[in-house]
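Structure data (compact mmCIF, C-alpha atoms) from run39.txt:
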# COMPACT_ATOMS: atom_id res chain seq x y z
CA MET A 1 82.03 146.52 307.10
CA PRO A 2 85.71 145.69 306.81
CA VAL A 3 88.09 148.62 306.85
CA ARG A 4 89.57 147.49 303.55
CA ARG A 5 86.20 147.81 301.78
CA PHE A 6 85.62 151.23 303.27
CA ALA A 7 89.09 152.37 302.22
CA LEU A 8 88.36 151.14 298.69
CA ALA A 9 85.11 153.08 298.57
CA ALA A 10 86.74 156.18 299.97
CA PHE A 11 89.57 156.07 297.47
CA ILE A 12 87.25 155.59 294.50
CA VAL A 13 85.07 158.50 295.52
CA LEU A 14 88.13 160.66 296.00
CA VAL A 15 89.54 159.71 292.61
CA ILE A 16 86.33 160.06 290.65
CA SER A 17 85.08 163.24 292.27
CA ARG A 18 88.26 165.27 291.70
CA PRO A 19 87.74 168.97 290.94
CA ALA A 20 86.73 169.85 287.41
CA HIS A 21 90.02 171.66 286.74
CA ALA A 22 91.78 168.30 286.67
CA GLN A 23 89.88 167.48 283.48
CA GLN A 24 90.67 170.69 281.54
CA GLU A 25 93.23 169.16 279.21
CA THR A 26 91.28 166.05 278.35
CA GLY A 27 88.02 167.84 277.57
CA PRO A 28 84.63 167.50 279.16
CA THR A 29 83.70 164.22 280.75
CA ASP A 30 80.77 162.82 282.66
CA ARG A 31 81.08 164.46 286.09
CA ARG A 32 78.00 162.98 287.75
CA GLN A 33 78.21 161.98 291.39
CA VAL A 34 79.27 158.42 292.08
CA SER A 35 76.95 156.36 294.25
CA LEU A 36 79.03 155.72 297.35
CA LEU A 37 76.86 152.78 298.34
CA ALA A 38 77.29 151.05 294.99
CA ILE A 39 81.03 150.87 295.54
CA GLN A 40 80.91 149.44 299.04
CA GLU A 41 79.40 146.15 300.03
CA PRO A 42 75.83 146.21 301.31
CA PRO A 43 75.67 145.87 305.10
CA GLU A 44 75.79 142.48 306.77
CA PRO A 45 72.32 140.94 307.26
CA ALA A 46 72.22 141.44 311.04
CA ALA A 47 73.25 145.10 310.77
CA PHE A 48 70.76 145.72 307.97
CA ALA A 49 67.99 144.00 309.94
CA ARG A 50 68.64 146.34 312.88
CA ALA A 51 68.80 149.42 310.64
CA VAL A 52 65.48 148.86 308.87
CA GLY A 53 63.64 146.50 311.21
CA LEU A 54 63.60 143.22 309.29
CA ASP A 55 62.01 140.11 310.71
CA ALA A 56 63.82 136.75 310.67
CA ASP A 57 62.38 135.68 307.30
CA GLN A 58 63.26 139.01 305.68
CA THR A 59 66.76 138.87 307.18
CA ALA A 60 67.36 135.45 305.63
CA LYS A 61 66.05 136.64 302.24
CA TYR A 62 68.19 139.77 302.46
CA GLY A 63 71.22 137.60 303.26
CA ASN A 64 70.60 135.52 300.11
CA LEU A 65 70.08 138.65 298.01
CA ARG A 66 73.28 140.22 299.39
CA LYS A 67 75.29 137.04 298.75
CA ALA A 68 74.04 136.86 295.16
CA TYR A 69 74.94 140.53 294.65
CA LEU A 70 78.43 140.06 296.09
CA ASP A 71 79.00 136.95 293.96
CA ALA A 72 77.78 138.74 290.83
CA THR A 73 79.98 141.79 291.41
CA ARG A 74 83.13 140.05 292.62
CA ALA A 75 84.98 140.61 289.32
CA GLU A 76 84.13 144.31 289.23
CA ARG A 77 85.05 144.84 292.87
CA ASP A 78 88.34 142.99 292.36
CA SER A 79 89.01 145.08 289.26
CA VAL A 80 88.35 148.32 291.15
CA THR A 81 90.69 147.15 293.92
CA ALA A 82 93.45 146.46 291.40
CA MET A 83 92.92 149.81 289.66
CA ARG A 84 92.90 151.59 293.03
CA ASN A 85 96.22 149.98 293.93
CA ARG A 86 97.77 151.04 290.60
CA LEU A 87 96.51 154.61 291.05
CA ARG A 88 97.79 154.74 294.62
CA THR A 89 101.21 153.57 293.45
CA ALA A 90 101.25 156.16 290.67
CA ARG A 91 100.27 158.92 293.10
CA GLN A 92 102.85 157.91 295.69
CA GLY A 93 105.58 158.02 293.07
CA ALA A 94 104.43 161.35 291.63
CA PRO A 95 106.65 164.35 292.32
CA ARG A 96 105.01 167.25 294.12
CA GLY A 97 104.15 169.78 291.43
CA ASP A 98 104.60 173.53 291.70
CA GLY A 99 101.14 174.17 290.28
CA ALA A 100 102.51 175.07 286.83
CA GLY A 101 100.72 172.18 285.16
CA PRO A 102 99.98 168.51 285.41
CA THR A 103 102.83 166.08 285.82
CA ARG A 104 103.18 162.95 283.74
CA SER A 105 102.00 160.96 286.76
CA ALA A 106 98.93 163.19 287.06
CA SER A 107 98.08 162.44 283.45
CA ARG A 108 98.45 158.72 284.12
CA THR A 109 96.24 159.04 287.19
CA ARG A 110 93.52 160.79 285.16
CA GLY A 111 93.77 158.02 282.59
CA GLY A 112 93.38 155.47 285.36
CA MET A 113 90.33 157.28 286.69
CA GLN A 114 88.78 157.28 283.23
CA ALA A 115 89.55 153.58 282.86
CA MET A 116 87.88 152.94 286.21
CA ARG A 117 84.67 154.74 285.24
CA PRO A 118 83.12 151.88 283.15
CA VAL A 119 83.70 149.44 286.01
CA VAL A 120 82.12 151.85 288.50
CA ASP A 121 79.21 152.37 286.10
CA THR A 122 78.70 148.59 285.99
CA LEU A 123 78.75 148.41 289.79
CA GLU A 124 76.22 151.23 289.99
CA ALA A 125 73.91 149.45 287.51
CA ARG A 126 74.16 146.20 289.43
CA PHE A 127 73.51 148.02 292.69
CA ALA A 128 70.39 149.58 291.16
CA ASP A 129 69.24 146.05 290.25
CA PHE A 130 70.03 144.91 293.81
CA GLU A 131 67.96 147.77 295.21
CA GLY A 132 65.12 146.93 292.83
CA GLU A 133 65.03 143.39 294.16
CA LEU A 134 65.36 144.67 297.71
CA ALA A 135 62.29 146.88 297.23
CA PHE A 136 60.16 143.74 296.83
CA LEU A 137 61.39 142.51 300.21
CA LEU A 138 60.73 145.66 302.24
CA THR A 139 57.47 147.07 303.53
CA ALA A 140 56.73 150.75 302.88
CA ALA A 141 57.88 151.67 306.41
CA GLN A 142 61.08 149.63 306.01
CA GLN A 143 61.73 151.28 302.64
CA ARG A 144 61.52 154.71 304.30
CA LYS A 145 63.98 153.55 306.98
CA TYR A 146 66.28 152.18 304.26
CA ASP A 147 66.13 155.47 302.35
CA ALA A 148 66.96 157.39 305.54
CA TRP A 149 69.79 154.95 306.30
CA LYS A 150 71.20 155.38 302.76
CA GLU A 151 71.15 159.15 303.08
CA ALA A 152 72.83 159.06 306.49
CA GLU A 153 75.43 156.51 305.36
CA THR A 154 76.25 158.51 302.23
CA ALA A 155 76.64 161.68 304.31
CA ARG A 156 78.86 159.84 306.81
CA VAL A 157 81.16 158.45 304.13
CA ARG A 158 81.30 161.78 302.30
CA SER A 159 82.16 163.56 305.56
CA GLU A 160 84.98 161.11 306.27
CA LEU A 161 86.32 161.57 302.74
CA MET A 162 86.31 165.35 303.07
CA GLY A 163 88.24 165.04 306.33
CA ARG A 164 90.89 162.92 304.62
CA GLN A 165 91.31 165.28 301.67
CA ARG A 166 92.53 168.10 303.90

Please lay out the structure from this file as structure tokens.
Amino acid sequence: MPVRRFALAAFIVLVISRPAHAQQETGPTDRRQVSLLAIQEPPEPAAFARAVGLDADQTAKYGNLRKAYLDATRAERDSVTAMRNRLRTARQGAPRGDGAGPTRSASRTRGGMQAMRPVVDTLEARFADFEGELAFLLTAAQQRKYDAWKEAETARVRSELMGRQR
């Protein structure tokens, strides 16, 4: 997976999963966990075939399914990239606070995160559809391997994000 896509996924997870205290002034919001895999691109066909044990026919079908998913979500992924860039710029320009309260930039960043949420929700819904179609392609044993791969990949990405937050 390209580094740029991973960086996008990492940034979105970081932005959306901020501590609850960052939301105190704006009231309660939906704080559910973001699907890390919905934000990144599904793996390349060859890598996916190795991970779950696809045969040549399944690999070709997966490649077509992945391409259709990427084509269908291009606008959302581009939108998230643009929002991520705006948030990064706002954060880089934000003065370091003394902890006394949120800065104007922090308020803008929260607003940007809230604006990003509907796009992320759309990506998650489309990823759920993608996984539904993928389930028809996989055998029961391959589905178990895929589920294990998803869990390991989510843990890996989350671990990398936690390392960057420090």

Separation of atom CA of A:Glu133 from atom CA of A:Ala148 in Å |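 Rounded to one decimal, the two atoms are 18.1 Å apart.
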
Write out as a list in words each polymer residue whose atoms come within 9 Å of A:Val120, counting all atoms listed in the file; drop sequence neighbours fewer than 4 positions from it.
->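 Using all atoms listed in the file, the neighbours found are Ile12, Val34, Ser35, Ala38, Ile39, Glu76, Arg77, Val80, Met116, Glu124 and Ala125 of chain A.
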
Best match for closeness to A:Lys67 among A:Pro42, A:Thr154, A:Leu123, A:Ala140, counting all atoms listed in the file | A:Pro42

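For the atom pair formed by atom CA of A:Pro45 and atom CA of A:Thr59, the distance is 5.9 Å, given to one decimal.
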
Coordinates-based distance that separates atom CA of A:Glu41 from atom CA of A:Tyr69 (Å, one decimal) |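 So the two atoms, atom CA of A:Tyr69 and atom CA of A:Glu41, lie 9.0 Å apart.
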
If we count all atoms listed in the file, what is near A:Ala60 at a cut-off of 12 Å, once residues fewer than 3 positions away on the same chain are taken out, given as a PyMOL selection string?
-> chain A and resi 44-46+48-49+54-57+63-67+137

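Candidate residues A:Ala47, A:Ala141, A:Ala90, A:Met83 were compared for distance to A:Tyr62, and the nearest is A:Ala47, using all atoms listed in the file.
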
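Residue nearest A:Thr122, chosen from A:Leu138, A:Ala152, A:Ala68, A:Ala75 and counting only C-alpha atoms: A:Ala75.
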
Would you mind telling me which residue in A:Gly93, A:Leu36, A:Glu160, A:Gly53 lies nearest to A:Asp121 when using all atoms listed in the file?
->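 Of the candidates, the smallest distance to A:Asp121 is held by A:Leu36.
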
A:Phe130 proximity check over A:Ala82, A:Val157, A:Leu37, A:Lys145, using all atoms listed in the file: winner is A:Leu37
